[in-house]
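See below for run.cif, which holds mmCIF, all heavy atoms.
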```
data_final
#
loop_
_atom_site.label_atom_id
_atom_site.label_comp_id
_atom_site.auth_asym_id
_atom_site.auth_seq_id
_atom_site.Cartn_x
_atom_site.Cartn_y
_atom_site.Cartn_z
N MET A 237 70.48 -101.74 93.15
CA MET A 237 70.80 -100.40 92.72
C MET A 237 69.58 -99.75 92.05
O MET A 237 69.35 -98.58 92.25
CB MET A 237 71.98 -100.43 91.75
CG MET A 237 73.29 -100.94 92.34
SD MET A 237 73.92 -99.95 93.70
CE MET A 237 74.47 -98.53 92.83
N VAL A 238 68.86 -100.54 91.26
CA VAL A 238 67.68 -99.99 90.60
C VAL A 238 66.65 -99.56 91.64
O VAL A 238 66.05 -98.48 91.53
CB VAL A 238 67.08 -101.02 89.61
CG1 VAL A 238 65.76 -100.54 89.07
CG2 VAL A 238 68.06 -101.30 88.49
N ALA A 239 66.46 -100.37 92.67
CA ALA A 239 65.50 -100.02 93.72
C ALA A 239 65.93 -98.75 94.44
O ALA A 239 65.09 -97.88 94.72
CB ALA A 239 65.36 -101.17 94.71
N LEU A 240 67.22 -98.60 94.73
CA LEU A 240 67.71 -97.39 95.38
C LEU A 240 67.47 -96.16 94.50
O LEU A 240 67.08 -95.10 95.00
CB LEU A 240 69.19 -97.52 95.70
CG LEU A 240 69.56 -98.53 96.79
CD1 LEU A 240 71.07 -98.68 96.87
CD2 LEU A 240 68.99 -98.11 98.13
N ARG A 241 67.70 -96.30 93.20
CA ARG A 241 67.45 -95.19 92.29
C ARG A 241 65.96 -94.85 92.25
O ARG A 241 65.57 -93.69 92.32
CB ARG A 241 67.94 -95.53 90.89
CG ARG A 241 67.81 -94.33 89.94
CD ARG A 241 67.88 -94.69 88.50
NE ARG A 241 66.87 -95.67 88.18
CZ ARG A 241 67.04 -96.66 87.32
NH1 ARG A 241 68.17 -96.81 86.69
NH2 ARG A 241 66.07 -97.53 87.09
N ASP A 242 65.14 -95.88 92.14
CA ASP A 242 63.70 -95.65 92.07
C ASP A 242 63.14 -95.03 93.34
O ASP A 242 62.16 -94.29 93.30
CB ASP A 242 62.98 -96.97 91.75
CG ASP A 242 63.30 -97.47 90.35
OD1 ASP A 242 63.85 -96.69 89.54
OD2 ASP A 242 63.00 -98.66 90.08
N GLU A 243 63.77 -95.32 94.49
CA GLU A 243 63.34 -94.73 95.76
C GLU A 243 63.89 -93.32 95.96
O GLU A 243 63.57 -92.65 96.93
CB GLU A 243 63.81 -95.62 96.92
CG GLU A 243 63.14 -96.97 96.97
CD GLU A 243 63.78 -97.91 97.97
OE1 GLU A 243 64.63 -97.46 98.77
OE2 GLU A 243 63.44 -99.10 97.96
N GLY A 244 64.74 -92.87 95.04
CA GLY A 244 65.31 -91.54 95.13
C GLY A 244 66.52 -91.44 96.04
O GLY A 244 66.98 -90.35 96.36
N LYS A 245 67.05 -92.58 96.47
CA LYS A 245 68.21 -92.57 97.37
C LYS A 245 69.52 -92.35 96.63
O LYS A 245 70.50 -91.91 97.24
CB LYS A 245 68.26 -93.87 98.16
CG LYS A 245 67.06 -93.99 99.09
CD LYS A 245 67.09 -95.25 99.90
CE LYS A 245 65.88 -95.29 100.83
NZ LYS A 245 65.81 -96.52 101.59
N ILE A 246 69.55 -92.65 95.35
CA ILE A 246 70.70 -92.33 94.49
C ILE A 246 70.15 -91.72 93.21
O ILE A 246 69.01 -91.96 92.83
CB ILE A 246 71.58 -93.57 94.18
CG1 ILE A 246 70.78 -94.66 93.47
CG2 ILE A 246 72.22 -94.11 95.45
CD1 ILE A 246 71.62 -95.85 93.00
N ASP A 247 70.98 -90.92 92.54
CA ASP A 247 70.51 -90.26 91.32
C ASP A 247 70.62 -91.13 90.09
O ASP A 247 69.76 -91.10 89.22
CB ASP A 247 71.30 -88.97 91.08
CG ASP A 247 70.93 -87.88 92.06
OD1 ASP A 247 69.77 -87.85 92.50
OD2 ASP A 247 71.81 -87.07 92.39
N ALA A 248 71.72 -91.89 89.98
CA ALA A 248 71.97 -92.63 88.75
C ALA A 248 72.84 -93.85 89.04
O ALA A 248 73.45 -93.94 90.10
CB ALA A 248 72.64 -91.73 87.73
N ILE A 249 72.91 -94.73 88.06
CA ILE A 249 73.73 -95.93 88.17
C ILE A 249 74.82 -95.87 87.13
O ILE A 249 74.55 -95.62 85.95
CB ILE A 249 72.88 -97.20 87.96
CG1 ILE A 249 71.75 -97.28 88.97
CG2 ILE A 249 73.76 -98.45 88.04
CD1 ILE A 249 70.74 -98.38 88.69
N GLY A 250 76.05 -96.09 87.55
CA GLY A 250 77.18 -96.14 86.64
C GLY A 250 77.98 -97.41 86.86
O GLY A 250 77.86 -98.06 87.90
N LEU A 251 78.76 -97.78 85.88
CA LEU A 251 79.58 -98.98 85.96
C LEU A 251 81.04 -98.64 85.70
O LEU A 251 81.33 -97.67 85.01
CB LEU A 251 79.12 -100.01 84.92
CG LEU A 251 77.69 -100.50 85.02
CD1 LEU A 251 77.37 -101.40 83.83
CD2 LEU A 251 77.48 -101.26 86.32
N SER A 252 81.93 -99.46 86.21
CA SER A 252 83.35 -99.26 86.00
C SER A 252 84.01 -100.59 85.67
O SER A 252 83.71 -101.61 86.31
CB SER A 252 83.97 -98.66 87.26
OG SER A 252 85.36 -98.53 87.10
N SER A 253 84.88 -100.58 84.68
CA SER A 253 85.67 -101.76 84.30
C SER A 253 84.79 -102.97 84.00
O SER A 253 84.91 -104.02 84.63
CB SER A 253 86.68 -102.11 85.39
OG SER A 253 87.54 -101.03 85.61
N VAL A 254 83.89 -102.81 83.06
CA VAL A 254 82.97 -103.90 82.72
C VAL A 254 83.27 -104.45 81.33
O VAL A 254 83.77 -103.75 80.46
CB VAL A 254 81.49 -103.44 82.77
CG1 VAL A 254 81.10 -103.07 84.18
CG2 VAL A 254 81.22 -102.31 81.83
N SER A 255 82.90 -105.69 81.15
CA SER A 255 83.05 -106.33 79.83
C SER A 255 81.84 -105.98 78.97
O SER A 255 80.82 -105.47 79.46
CB SER A 255 83.14 -107.84 80.00
OG SER A 255 81.90 -108.36 80.47
N LEU A 256 81.94 -106.30 77.72
CA LEU A 256 80.84 -106.07 76.80
C LEU A 256 79.59 -106.85 77.23
O LEU A 256 78.49 -106.32 77.21
CB LEU A 256 81.24 -106.46 75.37
CG LEU A 256 80.17 -106.36 74.31
CD1 LEU A 256 79.62 -104.95 74.23
CD2 LEU A 256 80.74 -106.79 72.96
N GLU A 257 79.76 -108.07 77.65
CA GLU A 257 78.62 -108.90 78.07
C GLU A 257 77.93 -108.30 79.29
O GLU A 257 76.70 -108.21 79.34
CB GLU A 257 79.07 -110.33 78.36
CG GLU A 257 77.97 -111.24 78.83
CD GLU A 257 76.80 -111.35 77.84
OE1 GLU A 257 77.04 -111.25 76.63
OE2 GLU A 257 75.66 -111.52 78.29
N VAL A 258 78.69 -107.86 80.27
CA VAL A 258 78.10 -107.25 81.47
C VAL A 258 77.38 -105.96 81.09
O VAL A 258 76.27 -105.70 81.56
CB VAL A 258 79.18 -106.98 82.54
CG1 VAL A 258 78.64 -106.13 83.67
CG2 VAL A 258 79.74 -108.30 83.07
N LEU A 259 77.98 -105.17 80.24
CA LEU A 259 77.33 -103.93 79.80
C LEU A 259 76.01 -104.20 79.11
O LEU A 259 75.00 -103.56 79.39
CB LEU A 259 78.26 -103.14 78.88
CG LEU A 259 77.71 -101.83 78.34
CD1 LEU A 259 77.36 -100.88 79.48
CD2 LEU A 259 78.68 -101.20 77.39
N ARG A 260 75.98 -105.17 78.22
CA ARG A 260 74.73 -105.50 77.52
C ARG A 260 73.65 -105.94 78.50
O ARG A 260 72.48 -105.58 78.33
CB ARG A 260 74.99 -106.61 76.50
CG ARG A 260 75.66 -106.10 75.26
CD ARG A 260 75.82 -107.21 74.25
NE ARG A 260 76.41 -106.70 73.04
CZ ARG A 260 77.22 -107.38 72.26
NH1 ARG A 260 77.54 -108.62 72.56
NH2 ARG A 260 77.71 -106.84 71.16
N ARG A 261 74.02 -106.72 79.51
CA ARG A 261 73.03 -107.17 80.50
C ARG A 261 72.55 -106.02 81.37
O ARG A 261 71.41 -106.02 81.83
CB ARG A 261 73.61 -108.29 81.37
CG ARG A 261 73.79 -109.58 80.64
CD ARG A 261 74.07 -110.77 81.56
NE ARG A 261 74.74 -110.43 82.79
CZ ARG A 261 75.97 -110.82 83.13
NH1 ARG A 261 76.67 -111.57 82.33
NH2 ARG A 261 76.47 -110.48 84.29
N ALA A 262 73.42 -105.04 81.61
CA ALA A 262 73.08 -103.95 82.53
C ALA A 262 72.31 -102.81 81.87
O ALA A 262 71.61 -102.07 82.56
CB ALA A 262 74.36 -103.41 83.15
N LEU A 263 72.40 -102.64 80.57
CA LEU A 263 71.77 -101.50 79.90
C LEU A 263 70.27 -101.36 80.19
O LEU A 263 69.79 -100.24 80.37
CB LEU A 263 72.03 -101.55 78.40
CG LEU A 263 73.42 -101.10 77.98
CD1 LEU A 263 73.60 -101.29 76.47
CD2 LEU A 263 73.69 -99.66 78.37
N PRO A 264 69.50 -102.44 80.26
CA PRO A 264 68.08 -102.26 80.57
C PRO A 264 67.80 -101.64 81.94
O PRO A 264 66.72 -101.11 82.17
CB PRO A 264 67.52 -103.69 80.50
CG PRO A 264 68.45 -104.42 79.61
CD PRO A 264 69.81 -103.83 79.89
N ALA A 265 68.79 -101.64 82.83
CA ALA A 265 68.60 -101.05 84.15
C ALA A 265 68.73 -99.53 84.12
O ALA A 265 68.53 -98.87 85.14
CB ALA A 265 69.62 -101.64 85.14
N GLY A 266 69.08 -98.97 82.98
CA GLY A 266 69.19 -97.52 82.87
C GLY A 266 70.55 -96.99 83.27
O GLY A 266 70.64 -95.97 83.95
N ILE A 267 71.60 -97.65 82.86
CA ILE A 267 72.96 -97.22 83.16
C ILE A 267 73.21 -95.87 82.48
O ILE A 267 72.90 -95.68 81.31
CB ILE A 267 73.99 -98.25 82.64
CG1 ILE A 267 73.72 -99.63 83.24
CG2 ILE A 267 75.41 -97.80 82.90
CD1 ILE A 267 73.72 -99.68 84.74
N VAL A 268 73.76 -94.91 83.22
CA VAL A 268 74.00 -93.58 82.65
C VAL A 268 75.47 -93.29 82.39
O VAL A 268 75.79 -92.33 81.69
CB VAL A 268 73.40 -92.47 83.53
CG1 VAL A 268 71.89 -92.63 83.63
CG2 VAL A 268 74.05 -92.43 84.88
N CYS A 269 76.37 -94.09 82.96
CA CYS A 269 77.80 -93.82 82.79
C CYS A 269 78.58 -95.12 82.84
O CYS A 269 78.30 -95.99 83.67
CB CYS A 269 78.27 -92.88 83.89
SG CYS A 269 80.01 -92.47 83.77
N VAL A 270 79.57 -95.24 81.97
CA VAL A 270 80.48 -96.39 81.98
C VAL A 270 81.90 -95.86 81.90
O VAL A 270 82.21 -95.07 81.02
CB VAL A 270 80.22 -97.35 80.80
CG1 VAL A 270 81.22 -98.49 80.79
CG2 VAL A 270 78.80 -97.88 80.84
N ARG A 271 82.74 -96.29 82.82
CA ARG A 271 84.14 -95.87 82.84
C ARG A 271 85.02 -97.11 82.73
O ARG A 271 85.07 -97.92 83.63
CB ARG A 271 84.47 -95.14 84.15
CG ARG A 271 83.70 -93.90 84.41
CD ARG A 271 84.18 -92.74 83.58
NE ARG A 271 85.59 -92.52 83.76
CZ ARG A 271 86.14 -91.38 84.10
NH1 ARG A 271 85.39 -90.34 84.31
NH2 ARG A 271 87.44 -91.27 84.20
N ASN A 272 85.68 -97.27 81.62
CA ASN A 272 86.62 -98.36 81.41
C ASN A 272 87.99 -97.78 81.10
O ASN A 272 88.09 -96.68 80.56
CB ASN A 272 86.18 -99.26 80.25
CG ASN A 272 85.12 -100.25 80.65
OD1 ASN A 272 84.68 -100.29 81.78
ND2 ASN A 272 84.67 -101.04 79.70
N ALA A 273 89.02 -98.54 81.42
CA ALA A 273 90.37 -98.10 81.09
C ALA A 273 90.52 -98.01 79.57
O ALA A 273 90.02 -98.87 78.85
CB ALA A 273 91.38 -99.08 81.66
N TYR A 274 91.17 -96.97 79.12
CA TYR A 274 91.42 -96.81 77.69
C TYR A 274 92.73 -96.06 77.51
O TYR A 274 92.90 -94.95 78.02
CB TYR A 274 90.28 -96.06 77.01
CG TYR A 274 90.45 -95.98 75.51
CD1 TYR A 274 90.16 -97.08 74.72
CD2 TYR A 274 90.90 -94.83 74.90
CE1 TYR A 274 90.32 -97.02 73.34
CE2 TYR A 274 91.06 -94.76 73.52
CZ TYR A 274 90.77 -95.86 72.76
OH TYR A 274 90.93 -95.81 71.40
N SER A 275 93.65 -96.68 76.82
CA SER A 275 94.94 -96.07 76.56
C SER A 275 95.57 -96.77 75.36
O SER A 275 94.97 -97.67 74.77
CB SER A 275 95.86 -96.20 77.77
OG SER A 275 96.22 -97.55 77.96
N LEU A 276 96.78 -96.41 75.02
CA LEU A 276 97.47 -97.11 73.94
C LEU A 276 97.66 -98.59 74.27
O LEU A 276 97.65 -99.43 73.38
CB LEU A 276 98.83 -96.46 73.67
CG LEU A 276 98.76 -95.08 73.03
CD1 LEU A 276 100.15 -94.48 72.94
CD2 LEU A 276 98.13 -95.14 71.66
N ALA A 277 97.80 -98.91 75.55
CA ALA A 277 98.01 -100.29 75.97
C ALA A 277 96.70 -101.04 76.20
O ALA A 277 96.66 -102.27 76.13
CB ALA A 277 98.84 -100.34 77.24
N ALA A 278 95.62 -100.36 76.49
CA ALA A 278 94.33 -101.00 76.79
C ALA A 278 93.26 -100.42 75.87
O ALA A 278 92.65 -99.40 76.16
CB ALA A 278 93.95 -100.76 78.26
N ARG A 279 93.02 -101.08 74.73
CA ARG A 279 92.07 -100.55 73.73
C ARG A 279 90.83 -101.42 73.58
O ARG A 279 90.11 -101.31 72.61
CB ARG A 279 92.79 -100.39 72.41
CG ARG A 279 93.94 -99.38 72.54
CD ARG A 279 94.59 -99.08 71.26
NE ARG A 279 93.90 -98.11 70.45
CZ ARG A 279 94.10 -96.80 70.49
NH1 ARG A 279 94.89 -96.29 71.38
NH2 ARG A 279 93.49 -96.01 69.65
N GLU A 280 90.57 -102.26 74.57
CA GLU A 280 89.40 -103.14 74.49
C GLU A 280 88.09 -102.36 74.42
O GLU A 280 87.10 -102.84 73.90
CB GLU A 280 89.34 -104.09 75.69
CG GLU A 280 90.49 -105.07 75.77
CD GLU A 280 91.72 -104.49 76.46
OE1 GLU A 280 91.60 -103.46 77.16
OE2 GLU A 280 92.81 -105.04 76.25
N GLY A 281 88.07 -101.14 74.93
CA GLY A 281 86.86 -100.33 74.94
C GLY A 281 86.30 -100.05 73.57
O GLY A 281 85.10 -99.85 73.40
N GLU A 282 87.15 -100.04 72.56
CA GLU A 282 86.67 -99.77 71.20
C GLU A 282 85.65 -100.82 70.76
O GLU A 282 84.68 -100.49 70.10
CB GLU A 282 87.83 -99.74 70.23
CG GLU A 282 88.74 -98.55 70.43
CD GLU A 282 89.96 -98.58 69.54
OE1 GLU A 282 90.19 -99.59 68.84
OE2 GLU A 282 90.70 -97.58 69.53
N ALA A 283 85.85 -102.06 71.13
CA ALA A 283 84.96 -103.14 70.70
C ALA A 283 83.56 -102.98 71.26
O ALA A 283 82.57 -103.06 70.53
CB ALA A 283 85.54 -104.50 71.11
N TRP A 284 83.41 -102.71 72.57
CA TRP A 284 82.06 -102.61 73.12
C TRP A 284 81.41 -101.29 72.75
O TRP A 284 80.20 -101.20 72.60
CB TRP A 284 82.00 -102.90 74.61
CG TRP A 284 82.69 -101.92 75.51
CD1 TRP A 284 83.91 -102.07 76.07
CD2 TRP A 284 82.20 -100.66 75.96
NE1 TRP A 284 84.21 -100.98 76.83
CE2 TRP A 284 83.18 -100.10 76.79
CE3 TRP A 284 81.04 -99.96 75.73
CZ2 TRP A 284 83.02 -98.86 77.39
CZ3 TRP A 284 80.88 -98.72 76.34
CH2 TRP A 284 81.87 -98.20 77.15
N GLU A 285 82.17 -100.25 72.60
CA GLU A 285 81.59 -98.97 72.21
C GLU A 285 80.91 -99.08 70.84
O GLU A 285 79.80 -98.60 70.63
CB GLU A 285 82.66 -97.89 72.17
CG GLU A 285 82.12 -96.51 71.94
CD GLU A 285 83.20 -95.46 72.02
OE1 GLU A 285 84.14 -95.60 72.81
OE2 GLU A 285 83.08 -94.48 71.28
N GLU A 286 81.57 -99.72 69.91
CA GLU A 286 80.99 -99.94 68.58
C GLU A 286 79.80 -100.91 68.64
O GLU A 286 78.83 -100.74 67.94
CB GLU A 286 82.04 -100.48 67.63
CG GLU A 286 83.03 -99.43 67.17
CD GLU A 286 82.36 -98.29 66.41
OE1 GLU A 286 81.52 -98.56 65.54
OE2 GLU A 286 82.68 -97.13 66.72
N ALA A 287 79.89 -101.92 69.49
CA ALA A 287 78.85 -102.95 69.57
C ALA A 287 77.53 -102.42 70.10
O ALA A 287 76.47 -102.82 69.64
CB ALA A 287 79.34 -104.12 70.42
N VAL A 288 77.56 -101.51 71.06
CA VAL A 288 76.31 -101.03 71.67
C VAL A 288 75.90 -99.65 71.19
O VAL A 288 74.80 -99.21 71.47
CB VAL A 288 76.38 -101.05 73.21
CG1 VAL A 288 76.54 -102.46 73.72
CG2 VAL A 288 77.47 -100.15 73.73
N LYS A 289 76.77 -98.94 70.48
CA LYS A 289 76.46 -97.60 69.94
C LYS A 289 75.83 -96.70 70.98
O LYS A 289 74.70 -96.26 70.84
CB LYS A 289 75.56 -97.72 68.71
CG LYS A 289 76.22 -98.37 67.54
CD LYS A 289 77.27 -97.47 66.97
CE LYS A 289 77.84 -98.12 65.72
NZ LYS A 289 79.03 -97.48 65.26
N LEU A 290 76.59 -96.47 72.04
CA LEU A 290 76.07 -95.58 73.10
C LEU A 290 76.00 -94.22 72.54
O LEU A 290 76.34 -93.27 72.70
CB LEU A 290 76.96 -95.68 74.34
CG LEU A 290 76.98 -97.05 74.99
CD1 LEU A 290 77.96 -97.07 76.13
CD2 LEU A 290 75.60 -97.40 75.50
#
```

Here is a file; write its structure as structure tokens.
Amino acid sequence: MVALRDEGKIDAIGLSSVSLEVLRRALPAGIVCVRNAYSLAAREGEAWEEAVKL
């Protein structure tokens, strides 16, 4: 994905439904968007949002 972005074939890299560990490993690649489920029933996103301070 990084090579495709660097070649201009895609504009940006985004992730969906990732864990905190995956997000931490991916951040150096220049991730611009993360979409995780968040609702009254699924509040795991609060933990990684605080941990990485996006």

Just say which residues the PyMOL selection byres (((chain A and resi 257-270 and name CA) around 9) and name CA) picks in this file, as a short mmCIF file (atom, residue, chain, number, x, y, z; two decimals) with all heavy atoms, in the coordinates of the input.
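Full text of part-v3.cif as output:
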```cif
data_model
loop_
_atom_site.label_atom_id
_atom_site.label_comp_id
_atom_site.auth_asym_id
_atom_site.auth_seq_id
_atom_site.Cartn_x
_atom_site.Cartn_y
_atom_site.Cartn_z
N MET A 237 70.48 -101.74 93.15
CA MET A 237 70.80 -100.40 92.72
C MET A 237 69.58 -99.75 92.05
O MET A 237 69.35 -98.58 92.25
CB MET A 237 71.98 -100.43 91.75
CG MET A 237 73.29 -100.94 92.34
SD MET A 237 73.92 -99.95 93.70
CE MET A 237 74.47 -98.53 92.83
N VAL A 238 68.86 -100.54 91.26
CA VAL A 238 67.68 -99.99 90.60
C VAL A 238 66.65 -99.56 91.64
O VAL A 238 66.05 -98.48 91.53
CB VAL A 238 67.08 -101.02 89.61
CG1 VAL A 238 65.76 -100.54 89.07
CG2 VAL A 238 68.06 -101.30 88.49
N ALA A 248 71.72 -91.89 89.98
CA ALA A 248 71.97 -92.63 88.75
C ALA A 248 72.84 -93.85 89.04
O ALA A 248 73.45 -93.94 90.10
CB ALA A 248 72.64 -91.73 87.73
N ILE A 249 72.91 -94.73 88.06
CA ILE A 249 73.73 -95.93 88.17
C ILE A 249 74.82 -95.87 87.13
O ILE A 249 74.55 -95.62 85.95
CB ILE A 249 72.88 -97.20 87.96
CG1 ILE A 249 71.75 -97.28 88.97
CG2 ILE A 249 73.76 -98.45 88.04
CD1 ILE A 249 70.74 -98.38 88.69
N GLY A 250 76.05 -96.09 87.55
CA GLY A 250 77.18 -96.14 86.64
C GLY A 250 77.98 -97.41 86.86
O GLY A 250 77.86 -98.06 87.90
N LEU A 251 78.76 -97.78 85.88
CA LEU A 251 79.58 -98.98 85.96
C LEU A 251 81.04 -98.64 85.70
O LEU A 251 81.33 -97.67 85.01
CB LEU A 251 79.12 -100.01 84.92
CG LEU A 251 77.69 -100.50 85.02
CD1 LEU A 251 77.37 -101.40 83.83
CD2 LEU A 251 77.48 -101.26 86.32
N SER A 252 81.93 -99.46 86.21
CA SER A 252 83.35 -99.26 86.00
C SER A 252 84.01 -100.59 85.67
O SER A 252 83.71 -101.61 86.31
CB SER A 252 83.97 -98.66 87.26
OG SER A 252 85.36 -98.53 87.10
N SER A 253 84.88 -100.58 84.68
CA SER A 253 85.67 -101.76 84.30
C SER A 253 84.79 -102.97 84.00
O SER A 253 84.91 -104.02 84.63
CB SER A 253 86.68 -102.11 85.39
OG SER A 253 87.54 -101.03 85.61
N VAL A 254 83.89 -102.81 83.06
CA VAL A 254 82.97 -103.90 82.72
C VAL A 254 83.27 -104.45 81.33
O VAL A 254 83.77 -103.75 80.46
CB VAL A 254 81.49 -103.44 82.77
CG1 VAL A 254 81.10 -103.07 84.18
CG2 VAL A 254 81.22 -102.31 81.83
N SER A 255 82.90 -105.69 81.15
CA SER A 255 83.05 -106.33 79.83
C SER A 255 81.84 -105.98 78.97
O SER A 255 80.82 -105.47 79.46
CB SER A 255 83.14 -107.84 80.00
OG SER A 255 81.90 -108.36 80.47
N LEU A 256 81.94 -106.30 77.72
CA LEU A 256 80.84 -106.07 76.80
C LEU A 256 79.59 -106.85 77.23
O LEU A 256 78.49 -106.32 77.21
CB LEU A 256 81.24 -106.46 75.37
CG LEU A 256 80.17 -106.36 74.31
CD1 LEU A 256 79.62 -104.95 74.23
CD2 LEU A 256 80.74 -106.79 72.96
N ARG A 271 82.74 -96.29 82.82
CA ARG A 271 84.14 -95.87 82.84
C ARG A 271 85.02 -97.11 82.73
O ARG A 271 85.07 -97.92 83.63
CB ARG A 271 84.47 -95.14 84.15
CG ARG A 271 83.70 -93.90 84.41
CD ARG A 271 84.18 -92.74 83.58
NE ARG A 271 85.59 -92.52 83.76
CZ ARG A 271 86.14 -91.38 84.10
NH1 ARG A 271 85.39 -90.34 84.31
NH2 ARG A 271 87.44 -91.27 84.20
N ASN A 272 85.68 -97.27 81.62
CA ASN A 272 86.62 -98.36 81.41
C ASN A 272 87.99 -97.78 81.10
O ASN A 272 88.09 -96.68 80.56
CB ASN A 272 86.18 -99.26 80.25
CG ASN A 272 85.12 -100.25 80.65
OD1 ASN A 272 84.68 -100.29 81.78
ND2 ASN A 272 84.67 -101.04 79.70
N TRP A 284 83.41 -102.71 72.57
CA TRP A 284 82.06 -102.61 73.12
C TRP A 284 81.41 -101.29 72.75
O TRP A 284 80.20 -101.20 72.60
CB TRP A 284 82.00 -102.90 74.61
CG TRP A 284 82.69 -101.92 75.51
CD1 TRP A 284 83.91 -102.07 76.07
CD2 TRP A 284 82.20 -100.66 75.96
NE1 TRP A 284 84.21 -100.98 76.83
CE2 TRP A 284 83.18 -100.10 76.79
CE3 TRP A 284 81.04 -99.96 75.73
CZ2 TRP A 284 83.02 -98.86 77.39
CZ3 TRP A 284 80.88 -98.72 76.34
CH2 TRP A 284 81.87 -98.20 77.15
N VAL A 288 77.56 -101.51 71.06
CA VAL A 288 76.31 -101.03 71.67
C VAL A 288 75.90 -99.65 71.19
O VAL A 288 74.80 -99.21 71.47
CB VAL A 288 76.38 -101.05 73.21
CG1 VAL A 288 76.54 -102.46 73.72
CG2 VAL A 288 77.47 -100.15 73.73
#
```

Mind giving me the axis-aligned box for stretch 251-265 of chain A with 8 Å on every side, centre plus edges in Å to one decimal, as JSON?
```
{"center_x": 77.1, "center_y": -104.6, "center_z": 79.2, "size_x": 36.8, "size_y": 29.9, "size_z": 32.1}
```

*Can you work out the spacing between atom C of A:Gly244 and atom N of A:Ala273 in Å, to one decimal?*
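Spanning atom C of A:Gly244 to atom N of A:Ala273 is a straight-line distance of 27.8 Å.
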